[in-house]
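Inspection log for the structure reproduced underneath, given as structure tokens.
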Amino acid sequence: MATRPNSLTHSTQNPRYLIIGNGRVARHFEHYFTLLRIPSQSWARKQNSVEELRELHLSSEVTLVLISDSEIEEFIKENSFLQTKAIVHFSGSVTTALAFGAHPLMTFTSSRYDLETYVRIPFICEKNTWSFEHLFPKLSNPHYLIEPNKKEFYHALCVLSGNFTTLLWQKLFNDFETELGLPPEAAALYLEKISTNLLNHPEHALTGPLVRKDIATLQKNIKSLEGDPFQDVYYAFVKTFSPELYKELL
Ligand SMILES: NC(=O)c1ccc[n+]([C@@H]2O[C@H](COP(=O)([O-])OP(=O)(O)OC[C@H]3O[C@@H](n4cnc5c(N)ncnc54)[C@H](OP(=O)(O)O)[C@@H]3O)[C@@H](O)[C@H]2O)c1
């Protein structure tokens with residue numbers, strides 16, 4: 001196993017960050033750091049040279065490699081001079097001996113957030129030789145530790161709950177409009193209440209034909225989705241929720 005560059009120490013209480021990449025997350029964190037007046041400089045492959053990367057690295061203490069997951073390890077290996085100082089990546093699923101993993105548990109699109117939102121973003125960090133406090137002494141964000149070997153499972157949970165429900169809601173908004181002639185905002189309060197009920201009383205949040213074990217309604221729902229790829233999704237949810245109910249539907 002390669003030695004962890006993260007066992008290197010830096011002593012400053014106000015480290016200067018080098019942000020690699022100019023995708024959604026890199027831009028969000030440039031903005032967050034600007035709002036907090038945390039010194040940072042940026043490098044992006046389409047705009048800067050490797051020589052510039054070397055120079056920026058010399059004048060920074062912590063490098064944030066905020067690029068596509070599949071490229072993180074290779075990028076650090078290709079630019080091995082980076083390994084003389086602390087390196088952090090923000091991927092929820094990558095684990096590498098070459099960098100400290102700190103996953104901001106949030107969704108980042110192209111729209112920026114306000115400072116109040118940024119400071120609330122929790123970071124899920126790998127149990128490691130480095131600590132969040134040491135790498136980000138100026139950030140008051142909540143942070144939690146997990147075992148590195150649990151990261152893939154952790155990330156699968158995030159994708160299932162965050163990304164997959166987004167697909168379901170996008171389907172509803174789209175089909176409301178195109179199939180039913182309903183404005184998407186007609187579902188806004190429904191979505192809002194599902195979220196608050198989940199946050200306040202997760203164990204009582206589920207309603208509908210699944211909890212009522214209402215076979216007739218489940219059958220009608222499935223029939224109405226004939227020819228729609230989401231029929232398989234419906235079946236999969238019933239099967240996951242209750243294999244017995246699923247058998248009754250077949
Ligand atoms: N988006 C989210 O909601 C979210 C949430 C939590 C964590 N993250 C994590 O944050 C990191 C960045 O994600 P993102 O959403 O910002 O991705 P993104 O918007 O797709 O941007 C990816 C960036 O990586 C750069 N890149 C890709 N391969 C590279 C290489 N070989 N060398 C240099 N730069 C390279 C791209 O540069 P080009 O423009 O030149 O292609 C682009 O700037 C990932 O680790 C991701 O898992 C994302």
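Note on naming: chains are A, B, ... as they come in the structure tokens, residues start from 1 per chain, ligands start from 1 in the order shown.
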Problem - Who sits within 12 Å of Val50 of chain A, only C-alpha atoms, same chain under 3 positions skipped, as a PyMOL selection string - result: chain A and resi 20+43-47+53-57+75+78-82
Exercise for the section: Using DSSP on the backbone coordinates, identify all residues within segment 13-250 of chain A classified as alpha helix (DSSP H); present the result as a ChimeraX atom specification. Expected result: /A:24-35,50-58,72-78,115-120,132-135,151-158,165-180,188-200,209-212,215-224,230-241,243-249
Problem - Shell of 10 Å around Ser70 of chain A, only C-alpha atoms, local chain residues under 3 positions omitted, as a VMD selection string - result: chain A and resid 67 73 to 75 91 94
Exercise for the section: Run DSSP on the backbone and grab whatever in segment 53-93 of chain A lands in strand (DSSP E or B); send it over as a PyMOL selection string. Expected result: chain A and resi 62-65+86-89
Taking only C-alpha atoms and all ligand atoms into account, produce a table as a tab-separated table in which each residue of chain A with an atom at most 8 Å from an atom of ligand 1 appears once, together with its shortest atom pair and the distance in Å to one decimal, ordered by chain and rising number.
residue	atom	partner	partner_atom_place_in_ligand_line	distance
A:Ile20	CA	ligand 1	34 (N)	6.9
A:Gly21	CA	ligand 1	43 (O)	4.0
A:Asn22	CA	ligand 1	43 (O)	3.8
A:Gly23	CA	ligand 1	21 (O)	3.3
A:Arg24	CA	ligand 1	16 (O)	3.8
A:Val25	CA	ligand 1	16 (O)	3.7
A:Ala26	CA	ligand 1	16 (O)	5.6
A:Arg27	CA	ligand 1	16 (O)	7.6
A:Ala44	CA	ligand 1	34 (N)	6.1
A:Arg45	CA	ligand 1	33 (C)	5.1
A:Lys46	CA	ligand 1	40 (O)	5.1
A:Val65	CA	ligand 1	11 (C)	7.6
A:Leu66	CA	ligand 1	11 (C)	4.4
A:Ile67	CA	ligand 1	24 (O)	3.3
A:Ser68	CA	ligand 1	24 (O)	4.5
A:Asp69	CA	ligand 1	45 (O)	4.5
A:Ser70	CA	ligand 1	28 (N)	7.7
A:Glu71	CA	ligand 1	31 (N)	5.0
A:Ile72	CA	ligand 1	31 (N)	7.3
A:Glu74	CA	ligand 1	31 (N)	7.3
A:Phe75	CA	ligand 1	31 (N)	5.7
A:His89	CA	ligand 1	45 (O)	6.3
A:Phe90	CA	ligand 1	9 (C)	4.9
A:Ser91	CA	ligand 1	45 (O)	3.6
A:Gly92	CA	ligand 1	47 (O)	5.8
A:Ser93	CA	ligand 1	47 (O)	7.2
A:Val94	CA	ligand 1	45 (O)	7.7
A:His103	CA	ligand 1	7 (C)	5.7
A:Pro104	CA	ligand 1	6 (C)	5.1
A:Leu105	CA	ligand 1	6 (C)	6.0
A:Met106	CA	ligand 1	5 (C)	5.5
A:Thr107	CA	ligand 1	3 (O)	3.7
A:Phe108	CA	ligand 1	3 (O)	3.8
A:Thr109	CA	ligand 1	1 (N)	6.1
Writing out the chosen residues with N, CA and C atoms as a tab-separated table (two decimals), in the first residue's frame:
chain	number	residue	atom	x	y	z
A	20	ILE	N	-8.65	21.81	-7.29
A	20	ILE	CA	-8.45	21.24	-8.63
A	20	ILE	C	-9.81	20.93	-9.23
A	21	GLY	N	-10.02	21.37	-10.48
A	21	GLY	CA	-11.29	21.12	-11.18
A	21	GLY	C	-12.12	22.39	-11.26
A	22	ASN	N	-13.02	22.42	-12.21
A	22	ASN	CA	-13.96	23.56	-12.26
A	22	ASN	C	-15.38	23.09	-12.56
A	23	GLY	N	-15.71	21.92	-11.98
A	23	GLY	CA	-17.06	21.38	-12.10
A	23	GLY	C	-17.96	22.00	-11.04
A	24	ARG	N	-19.09	21.33	-10.81
A	24	ARG	CA	-20.09	21.90	-9.91
A	24	ARG	C	-19.55	22.07	-8.48
A	25	VAL	N	-18.92	21.02	-7.97
A	25	VAL	CA	-18.48	21.07	-6.57
A	25	VAL	C	-17.33	22.06	-6.39
A	26	ALA	N	-16.40	22.06	-7.34
A	26	ALA	CA	-15.26	23.00	-7.25
A	26	ALA	C	-15.80	24.43	-7.20
A	27	ARG	N	-16.77	24.75	-8.03
A	27	ARG	CA	-17.31	26.12	-8.06
A	27	ARG	C	-18.04	26.45	-6.76
A	44	ALA	N	-7.61	24.31	-13.31
A	44	ALA	CA	-8.47	23.47	-14.14
A	44	ALA	C	-7.69	23.09	-15.40
A	45	ARG	N	-7.82	21.83	-15.81
A	45	ARG	CA	-6.96	21.32	-16.88
A	45	ARG	C	-7.12	22.05	-18.21
A	46	LYS	N	-8.34	22.57	-18.46
A	46	LYS	CA	-8.56	23.24	-19.76
A	46	LYS	C	-8.03	24.68	-19.75
A	65	VAL	N	-8.86	17.81	-4.47
A	65	VAL	CA	-8.99	17.24	-5.82
A	65	VAL	C	-10.48	17.00	-6.08
A	66	LEU	N	-11.14	18.02	-6.67
A	66	LEU	CA	-12.60	17.97	-6.83
A	66	LEU	C	-12.94	17.66	-8.29
A	67	ILE	N	-12.51	16.49	-8.72
A	67	ILE	CA	-12.72	16.08	-10.11
A	67	ILE	C	-13.50	14.77	-10.13
A	68	SER	N	-13.84	14.31	-11.33
A	68	SER	CA	-14.65	13.09	-11.47
A	68	SER	C	-14.03	11.94	-10.68
A	69	ASP	N	-14.89	11.16	-10.03
A	69	ASP	CA	-14.43	10.07	-9.15
A	69	ASP	C	-13.39	9.17	-9.81
A	70	SER	N	-13.68	8.77	-11.05
A	70	SER	CA	-12.82	7.78	-11.73
A	70	SER	C	-11.43	8.34	-12.04
A	71	GLU	N	-11.26	9.66	-11.93
A	71	GLU	CA	-9.98	10.29	-12.31
A	71	GLU	C	-9.11	10.66	-11.11
A	72	ILE	N	-9.68	10.57	-9.91
A	72	ILE	CA	-9.00	11.13	-8.73
A	72	ILE	C	-7.63	10.48	-8.49
A	74	GLU	N	-5.75	8.54	-10.43
A	74	GLU	CA	-4.83	8.69	-11.56
A	74	GLU	C	-4.23	10.10	-11.60
A	75	PHE	N	-5.08	11.09	-11.33
A	75	PHE	CA	-4.62	12.48	-11.36
A	75	PHE	C	-3.51	12.69	-10.31
A	89	HIS	N	-10.08	14.54	-1.17
A	89	HIS	CA	-11.08	14.45	-2.24
A	89	HIS	C	-12.46	14.42	-1.59
A	90	PHE	N	-13.49	14.74	-2.36
A	90	PHE	CA	-14.85	14.86	-1.82
A	90	PHE	C	-15.76	13.73	-2.28
A	91	SER	N	-15.20	12.66	-2.84
A	91	SER	CA	-16.06	11.59	-3.36
A	91	SER	C	-16.66	10.78	-2.21
A	92	GLY	N	-17.92	10.38	-2.40
A	92	GLY	CA	-18.56	9.56	-1.39
A	92	GLY	C	-18.25	8.09	-1.54
A	93	SER	N	-17.68	7.69	-2.69
A	93	SER	CA	-17.46	6.26	-2.91
A	93	SER	C	-15.99	5.88	-3.08
A	94	VAL	N	-15.13	6.84	-3.43
A	94	VAL	CA	-13.71	6.52	-3.64
A	94	VAL	C	-12.97	6.41	-2.30
A	103	HIS	N	-16.66	13.54	2.38
A	103	HIS	CA	-17.79	13.66	1.46
A	103	HIS	C	-18.82	14.67	1.97
A	104	PRO	N	-19.01	15.78	1.23
A	104	PRO	CA	-20.07	16.71	1.63
A	104	PRO	C	-21.42	16.10	1.29
A	105	LEU	N	-22.22	15.80	2.32
A	105	LEU	CA	-23.50	15.13	2.10
A	105	LEU	C	-24.54	16.16	1.67
A	106	MET	N	-24.51	16.45	0.39
A	106	MET	CA	-25.35	17.51	-0.18
A	106	MET	C	-25.41	17.29	-1.68
A	107	THR	N	-26.41	17.88	-2.31
A	107	THR	CA	-26.47	17.84	-3.76
A	107	THR	C	-26.02	19.19	-4.30
A	108	PHE	N	-25.12	19.17	-5.27
A	108	PHE	CA	-24.58	20.41	-5.84
A	108	PHE	C	-24.92	20.49	-7.32
A	109	THR	N	-25.74	21.44	-7.66
A	109	THR	CA	-26.05	21.65	-9.08
A	109	THR	C	-25.28	22.90	-9.52
Problem - Near-segment 240-246 of chain A list (8 Å; only C-alpha atoms; drop same-chain fewer than 4 positions) as number ranges by chain - result: A: 210, 213, 215, 235-236, 250
Handout entry: Spatial neighbours of Asp232 of chain A, max dist 12 Å, only C-alpha atoms, sep filter under 5 positions, as a PyMOL selection string
Key = chain A and resi 221-223+225-227+237-239
Completion exercise
The residue from A:Tyr17, A:Tyr154, A:Ser110, A:Ser161 with the smallest atom-to-atom distance to Ile87 of chain A, counting only C-alpha atoms, is A:Tyr17
Practice task
Using only C-alpha atoms, find the one residue out of A:Thr117, A:Thr217, A:Thr178, A:Asn163 that sits nearest to Tyr32 of chain A.
Solution key: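 Nearest to Tyr32 of chain A: A:Thr117.
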Problem - Distance query Ile124 of chain A at most 6 Å, only C-alpha atoms, self and fewer than 6 positions along chain excluded, as JSON, numbers by chain - result: {"A": [102, 103, 143, 144, 145]}
Residues just named, written with C-alpha atoms as a compact mmCIF listing (two decimals), in the first residue's frame:
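Result file result_4.txt:
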# COMPACT_ATOMS: atom_id res chain seq x y z
CA ALA A 102 -14.38 13.98 3.09
CA HIS A 103 -17.79 13.66 1.46
CA HIS A 143 -18.57 16.16 10.42
CA TYR A 144 -18.78 12.46 11.12
CA LEU A 145 -16.44 9.51 10.76
Problem - Residue contacts of Asn14 of chain A (12 Å, only C-alpha atoms) excluding same-chain residues fewer than 5 positions away, as a VMD selection string - result: chain A and resid 33 36 to 40 60 to 62 133 to 139
File of the preceding selection, N, CA and C atoms, as a PDB file, in the first residue's frame:
ATOM      1  N   PHE A  33     -15.661  29.333   0.129  1.00  0.00           N
ATOM      2  CA  PHE A  33     -14.417  29.870   0.695  1.00  0.00           C
ATOM      3  C   PHE A  33     -14.358  31.389   0.529  1.00  0.00           C
ATOM      4  N   LEU A  36     -16.376  33.049   3.156  1.00  0.00           N
ATOM      5  CA  LEU A  36     -15.722  32.993   4.480  1.00  0.00           C
ATOM      6  C   LEU A  36     -14.339  33.655   4.479  1.00  0.00           C
ATOM      7  N   ARG A  37     -13.962  34.211   3.338  1.00  0.00           N
ATOM      8  CA  ARG A  37     -12.628  34.818   3.171  1.00  0.00           C
ATOM      9  C   ARG A  37     -11.500  33.830   3.488  1.00  0.00           C
ATOM     10  N   ILE A  38     -11.708  32.592   3.082  1.00  0.00           N
ATOM     11  CA  ILE A  38     -10.661  31.577   3.235  1.00  0.00           C
ATOM     12  C   ILE A  38      -9.810  31.614   1.963  1.00  0.00           C
ATOM     13  N   PRO A  39      -8.488  31.740   2.099  1.00  0.00           N
ATOM     14  CA  PRO A  39      -7.661  31.855   0.886  1.00  0.00           C
ATOM     15  C   PRO A  39      -7.673  30.567   0.075  1.00  0.00           C
ATOM     16  N   SER A  40      -7.944  30.725  -1.236  1.00  0.00           N
ATOM     17  CA  SER A  40      -7.898  29.546  -2.112  1.00  0.00           C
ATOM     18  C   SER A  40      -7.507  29.985  -3.518  1.00  0.00           C
ATOM     19  N   SER A  60       0.414  26.689  -1.597  1.00  0.00           N
ATOM     20  CA  SER A  60      -0.801  26.276  -0.880  1.00  0.00           C
ATOM     21  C   SER A  60      -0.447  25.166   0.106  1.00  0.00           C
ATOM     22  N   GLU A  61      -1.341  24.938   1.059  1.00  0.00           N
ATOM     23  CA  GLU A  61      -1.056  23.902   2.077  1.00  0.00           C
ATOM     24  C   GLU A  61      -1.891  22.642   1.895  1.00  0.00           C
ATOM     25  N   VAL A  62      -3.133  22.817   1.414  1.00  0.00           N
ATOM     26  CA  VAL A  62      -4.025  21.656   1.261  1.00  0.00           C
ATOM     27  C   VAL A  62      -4.592  21.661  -0.154  1.00  0.00           C
ATOM     28  N   GLU A 133     -10.923  18.729  11.410  1.00  0.00           N
ATOM     29  CA  GLU A 133     -10.543  19.993  12.069  1.00  0.00           C
ATOM     30  C   GLU A 133      -9.170  20.456  11.611  1.00  0.00           C
ATOM     31  N   HIS A 134      -8.284  19.500  11.408  1.00  0.00           N
ATOM     32  CA  HIS A 134      -6.928  19.861  11.028  1.00  0.00           C
ATOM     33  C   HIS A 134      -6.865  20.342   9.578  1.00  0.00           C
ATOM     34  N   LEU A 135      -7.650  19.677   8.727  1.00  0.00           N
ATOM     35  CA  LEU A 135      -7.620  20.037   7.303  1.00  0.00           C
ATOM     36  C   LEU A 135      -8.444  21.289   7.012  1.00  0.00           C
ATOM     37  N   PHE A 136      -9.514  21.477   7.803  1.00  0.00           N
ATOM     38  CA  PHE A 136     -10.403  22.622   7.562  1.00  0.00           C
ATOM     39  C   PHE A 136     -10.628  23.393   8.864  1.00  0.00           C
ATOM     40  N   PRO A 137      -9.559  23.992   9.416  1.00  0.00           N
ATOM     41  CA  PRO A 137      -9.702  24.649  10.720  1.00  0.00           C
ATOM     42  C   PRO A 137     -10.696  25.815  10.723  1.00  0.00           C
ATOM     43  N   LYS A 138     -10.993  26.371   9.569  1.00  0.00           N
ATOM     44  CA  LYS A 138     -11.905  27.530   9.510  1.00  0.00           C
ATOM     45  C   LYS A 138     -13.359  27.138   9.220  1.00  0.00           C
ATOM     46  N   LEU A 139     -13.606  25.839   9.011  1.00  0.00           N
ATOM     47  CA  LEU A 139     -14.980  25.416   8.709  1.00  0.00           C
ATOM     48  C   LEU A 139     -15.650  24.854   9.966  1.00  0.00           C
TER      49      LEU A 139
END
Exercise for the section: Choose the residue, out of A:Leu35, A:Asp114, A:Ala186, A:Thr63, that has the smallest atom-to-atom separation from Ala86 of chain A; count only C-alpha atoms. Expected result: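 Smallest separation from Ala86 of chain A among the options: A:Thr63.
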